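Working notes, structure below.
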Amino acid sequence: MNDNYSEEIIQQYIKNLSDYESFCQNIEHHINQLLEDVNYYSLDKRVKTLDSLKNKLIKKNNKYKTLSEITDLAGIRIITYYSDQVDNIAKIIEQEFEVDKENTIDKRMSMDPDKFGYISLHYIVKIDAASKQIPEYERFKDFKAEIQIRTILQHVWADIEHDLGYKSKRAIPKNIQRDFNRLSGLLELADKEFLGIRDSLSVYKDYVSKNINKDDEEILLDKVSLTEFINTNQQLKQLNQRIADICGSELIKVDFDEIVLTCLQSLEIKTVRELNNTLLEDKDLAYYIAQKIISSRYTKHYTTFGLYYLFYARISKIPDMNEIIKILSKTHIPFIYDNFRRDFVTKLVELYKSFQENN
C-alpha cells in the first residue's frame, strides 16, 4: 500500500487534536439539548483517529492540502426510529448550525432508483455566527463537523455492509448481488411499514380517547384502551383513592401494567365495556378485600392497584379453588411458593364469604 500522505497535515492534526475533541463534545452537548423533546434512538460522537486520517489521506491521494479542507474530523451520528424523524431533525440542524451546503450530501435524493446501497443524510456544519461571538468558542470558528442522520434500519444496513466489506455493487459477486438488492428493498419497505404502523397507532389512540366512554362502541381491551381506561374512568379513580386512603398512601399515576392486562384477559374480560361492567359490579368487593389484606406499611399506591383488587374480587367468587389457582398461574403474578398461592386463594374465598354475610 502506498503510504504517501501529508505529514504536515498529520502533525497539524496532532497539535489540534484536543481542540477537535472539545469541539466534538460541545457539538454533541448542543445537539442533545436541541433534541431534548425529540424521541430518537441514539446519538454518538467520534473524533477521527490518526490511523483513520492517514488512511483517508492515502485513499484520496494528496487531494487535501490543508487540515481545514477535511470536513469529517469530528463526527456526530443520530439514529432515529422512523424515516420522517430524519427530516424533522434535519430542520433543527439547519436552523441551529451553519451548513456547508457544498459538502452536505442527502443520499436519499441523489441515489438512483436501481443503485445499490442504503441511504442517509450527511451534513457538514460549523457553529453558527452567534456562537462564534462567545469567547470559549473562538477556537472552533473554522472547525467543521459531519452530522449523519439515519434510521435504525439504515444503520443496520450500513453496519452489516461495512462488516461484509462490500460498499460497492461492482465488487459483489454476481450471483450474490440479487440477494443484496432484495434485502436492501426489504429494509426500505420495512422503514415505510414501521412508519405506517406508528401512524395507525396514533389514529387508533385518538379513536379510543374519543369513544371509550360511549356504550355503543365495542373497544377491545389492549394496551391503548386499558391505559385510557386507567386514566379516565371515574369509578376506577374512586376505587383507587378509597384503597389508597386505607393506610394514607400516596396515589401515584401509572399508565399501564402488563400483568394487569394478563389478569383481566385470564378472566375472559375482552372489551372495555366488559371491564366497566365488572368494575360496577365488584368495586365494593374489591375495596373490602383491599381493606383486609393491604399492609399498613404501604406508603405508595399505584393507579393500577384498583384493577388488581378487582381481579382478586372476581376470582374470589369462583367456587372451585383449583380453578382459581389455575387462573392465577396464567397471570404472572409472583408467588414465591405454591403453598403461598393456595393460602392466598383460601384467604380470598373466606373474604368473599365474609363480604356476603355482611352485605
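Every chain in the C-alpha cells takes a letter, A first, then B, and so on in the order presented; its residues are numbered from 1, and the ligands are numbered from 1 following the presented order.
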Residues near Lys317 in chain A, anyone? I mean within 9 Å using only C-alpha atoms, not counting same-chain ones fewer than 6 positions away, as a PDB file with N, CA and C atoms, in the first residue's frame.
ATOM      1  N   LEU A 348     -58.837 -15.439  49.998  1.00  0.00           N
ATOM      2  CA  LEU A 348     -59.770 -14.727  49.127  1.00  0.00           C
ATOM      3  C   LEU A 348     -61.177 -15.310  49.221  1.00  0.00           C
ATOM      4  N   VAL A 349     -61.249 -16.632  49.195  1.00  0.00           N
ATOM      5  CA  VAL A 349     -62.557 -17.295  49.284  1.00  0.00           C
ATOM      6  C   VAL A 349     -63.231 -16.966  50.605  1.00  0.00           C
ATOM      7  N   TYR A 352     -64.610 -13.437  50.506  1.00  0.00           N
ATOM      8  CA  TYR A 352     -65.847 -13.319  49.727  1.00  0.00           C
ATOM      9  C   TYR A 352     -67.042 -13.785  50.548  1.00  0.00           C
ATOM     10  N   LYS A 353     -66.872 -14.883  51.279  1.00  0.00           N
ATOM     11  CA  LYS A 353     -67.951 -15.370  52.136  1.00  0.00           C
ATOM     12  C   LYS A 353     -68.287 -14.344  53.219  1.00  0.00           C
TER      13      LYS A 353
END
If we count only C-alpha atoms and set the cut-off at 8 Å, which residues sit around Val208 in chain A, ignoring sequence neighbours fewer than 2 positions away in its own chain? Please answer as number ranges by chain. A: 204-206, 210-212, 219, 224-225, 228
Same residues, N, CA and C atoms, saved as a PDB file, in the first residue's frame:
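Heads up, here's the output in out_33.pdb:
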ATOM      1  N   TYR A 204     -55.522   5.190  16.092  1.00  0.00           N
ATOM      2  CA  TYR A 204     -56.284   4.325  16.998  1.00  0.00           C
ATOM      3  C   TYR A 204     -56.379   4.928  18.397  1.00  0.00           C
ATOM      4  N   LYS A 205     -55.280   5.522  18.875  1.00  0.00           N
ATOM      5  CA  LYS A 205     -55.301   6.170  20.189  1.00  0.00           C
ATOM      6  C   LYS A 205     -56.318   7.300  20.227  1.00  0.00           C
ATOM      7  N   ASP A 206     -56.380   8.080  19.149  1.00  0.00           N
ATOM      8  CA  ASP A 206     -57.361   9.172  19.074  1.00  0.00           C
ATOM      9  C   ASP A 206     -58.783   8.617  19.093  1.00  0.00           C
ATOM     10  N   LYS A 210     -61.621   9.254  22.118  1.00  0.00           N
ATOM     11  CA  LYS A 210     -62.904   9.905  21.840  1.00  0.00           C
ATOM     12  C   LYS A 210     -64.107   9.001  22.118  1.00  0.00           C
ATOM     13  N   ASN A 211     -63.911   7.697  22.071  1.00  0.00           N
ATOM     14  CA  ASN A 211     -65.057   6.782  22.109  1.00  0.00           C
ATOM     15  C   ASN A 211     -65.103   5.837  23.297  1.00  0.00           C
ATOM     16  N   ILE A 212     -64.121   5.912  24.200  1.00  0.00           N
ATOM     17  CA  ILE A 212     -64.034   4.918  25.265  1.00  0.00           C
ATOM     18  C   ILE A 212     -65.229   4.962  26.209  1.00  0.00           C
ATOM     19  N   ILE A 219     -64.920  -1.545  22.128  1.00  0.00           N
ATOM     20  CA  ILE A 219     -63.477  -1.352  22.072  1.00  0.00           C
ATOM     21  C   ILE A 219     -62.792  -2.512  22.781  1.00  0.00           C
ATOM     22  N   VAL A 224     -53.492   0.203  24.648  1.00  0.00           N
ATOM     23  CA  VAL A 224     -54.004   1.557  24.398  1.00  0.00           C
ATOM     24  C   VAL A 224     -55.291   1.801  25.168  1.00  0.00           C
ATOM     25  N   SER A 225     -56.245   0.888  25.039  1.00  0.00           N
ATOM     26  CA  SER A 225     -57.550   1.100  25.663  1.00  0.00           C
ATOM     27  C   SER A 225     -57.489   0.973  27.185  1.00  0.00           C
ATOM     28  N   GLU A 228     -56.060   4.197  28.585  1.00  0.00           N
ATOM     29  CA  GLU A 228     -57.080   5.262  28.575  1.00  0.00           C
ATOM     30  C   GLU A 228     -58.104   5.030  29.675  1.00  0.00           C
TER      31      GLU A 228
END
Find the residues around range 48-59 of chain A up to 12 Å (only C-alpha atoms counted), leave out those fewer than 6 positions away in its own chain, and share them as number ranges by chain. A: 1-18, 20-21, 24, 65-67, 69-76, 145-146
DSSP helix (DSSP H, G or I) selection over range 159-331 of chain A, as a VMD selection string: chain A and resid 159 to 164 169 to 171 174 to 211 223 to 232 234 to 246 258 to 266 272 to 293 305 to 316 321 to 328
Q: Using DSSP on the backbone coordinates, identify all residues within range 64-298 of chain A classified as strand (DSSP E or B); present the result as a ChimeraX atom specification.
A: /A:74-80,97-99,105-106,121-127,145-151,220,250-252,271
Handout entry: 8 Å contact set for Tyr41 in chain A, only C-alpha atoms, chain neighbours under 2 positions out, as a list in words
Key = Asn39, Leu43, Ile78, Ile79, Thr80, Tyr81 and Ile152 of chain A
Find the residues around range 301-311 of chain A up to 10 Å (only C-alpha atoms counted), leave out those fewer than 2 positions away in its own chain, and share them as a compact mmCIF listing (two decimals) with C-alpha atoms, in the first residue's frame.
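To be explicit, this is the file written out as around-v5.txt:
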# COMPACT_ATOMS: atom_id res chain seq x y z
CA LEU A 226 -56.53 -0.08 29.14
CA THR A 227 -54.23 2.93 29.54
CA ILE A 230 -56.99 3.76 33.86
CA ASN A 231 -56.52 7.46 33.21
CA GLN A 235 -65.27 4.63 39.04
CA LEU A 236 -61.72 3.26 38.97
CA LYS A 237 -60.31 6.58 40.18
CA GLN A 238 -62.69 6.50 43.15
CA LEU A 239 -61.78 2.88 43.93
CA ASN A 240 -58.06 3.70 43.78
CA GLN A 241 -58.49 6.65 46.12
CA ARG A 242 -60.52 4.60 48.62
CA ILE A 243 -57.84 1.90 48.67
CA ALA A 244 -55.03 4.44 49.00
CA ASP A 245 -56.87 6.03 51.94
CA CYS A 247 -53.32 3.43 55.05
CA GLY A 248 -52.90 7.02 53.87
CA SER A 249 -50.81 6.02 50.87
CA GLU A 250 -49.66 8.41 48.18
CA LEU A 251 -51.57 7.79 44.94
CA ILE A 252 -49.12 7.55 42.04
CA LYS A 253 -50.19 7.62 38.39
CA VAL A 254 -49.19 4.60 36.30
CA ASP A 255 -50.47 4.37 32.74
CA PHE A 256 -50.16 0.64 32.14
CA ASP A 257 -49.19 -2.67 33.69
CA ILE A 259 -49.64 -8.11 34.38
CA VAL A 260 -52.94 -6.30 34.99
CA LEU A 261 -53.90 -6.82 31.35
CA CYS A 263 -55.11 -10.82 34.78
CA LEU A 264 -58.14 -9.33 33.05
CA SER A 266 -57.40 -14.59 32.10
CA LEU A 267 -60.98 -13.85 33.21
CA LEU A 275 -64.28 -4.25 32.19
CA THR A 278 -67.13 -5.80 36.07
CA LEU A 279 -65.96 -2.71 37.92
CA GLU A 281 -70.48 -4.97 39.83
CA ASP A 282 -67.50 -5.76 42.06
CA LYS A 283 -65.90 -2.47 43.13
CA ASP A 284 -67.25 -2.76 46.68
CA LEU A 285 -65.98 -6.32 47.00
CA ALA A 286 -62.60 -5.20 45.66
CA TYR A 287 -62.44 -2.47 48.30
CA TYR A 288 -63.49 -4.93 51.04
CA ILE A 289 -60.72 -7.35 50.06
CA ALA A 290 -58.18 -4.50 49.95
CA ILE A 293 -55.22 -7.79 53.03
CA ILE A 294 -53.45 -4.50 52.36
CA TYR A 298 -47.56 0.59 52.03
CA THR A 299 -46.65 4.25 51.54
CA ALA A 313 -62.65 -9.85 43.85
CA ARG A 314 -63.68 -11.57 40.65
CA ILE A 315 -61.76 -14.79 41.26
CA SER A 316 -62.85 -14.95 44.93
CA LEU A 328 -53.63 -17.31 38.94
CA ILE A 333 -48.34 -12.54 39.50
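Proximity ranking of A:Asp128, A:Asp222, A:Glu323, A:Glu28 relative to Val99 in chain A places A:Asp128 first, based on only C-alpha atoms.
Each of A:Leu153, A:Ile160, A:Leu35, A:Ile246 was checked against Ala190 in chain A using only C-alpha atoms; the smallest atom-to-atom distance is that of A:Leu153.
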In Å and to one decimal, CA of Asp37 in chain A is distant from CA of Gln85 in chain A by 12.3 Å
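Residues in contact range of Thr346 in chain A, defined as at most 10 Å between only C-alpha atoms, with sequence neighbours fewer than 4 positions away removed, read Ser316, Met321, Ile324, Ile325, Phe340, Arg341, Arg342, Glu350 and Leu351 of chain A.
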Would you mind exporting C-alpha atoms of the selected residues as a PDB file, in the first residue's frame?
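Just written: again-v7.pdb:
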ATOM      1  CA  SER A 316     -62.847 -14.952  44.926  1.00  0.00           C
ATOM      2  CA  MET A 321     -60.362 -23.336  44.437  1.00  0.00           C
ATOM      3  CA  ILE A 324     -58.812 -20.096  40.928  1.00  0.00           C
ATOM      4  CA  ILE A 325     -55.266 -21.460  41.278  1.00  0.00           C
ATOM      5  CA  PHE A 340     -48.421 -19.408  49.459  1.00  0.00           C
ATOM      6  CA  ARG A 341     -50.591 -19.258  46.324  1.00  0.00           C
ATOM      7  CA  ARG A 342     -53.009 -21.798  47.830  1.00  0.00           C
ATOM      8  CA  GLU A 350     -63.024 -16.647  53.001  1.00  0.00           C
ATOM      9  CA  LEU A 351     -63.167 -12.902  52.396  1.00  0.00           C
TER      10      LEU A 351
END
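Counting from CA of Glu136 in chain A, the distance to CA of Ile27 in chain A is 13.3 Å.
CA of Ser120 in chain A is positioned 10.6 Å from CA of Asp87 in chain A.
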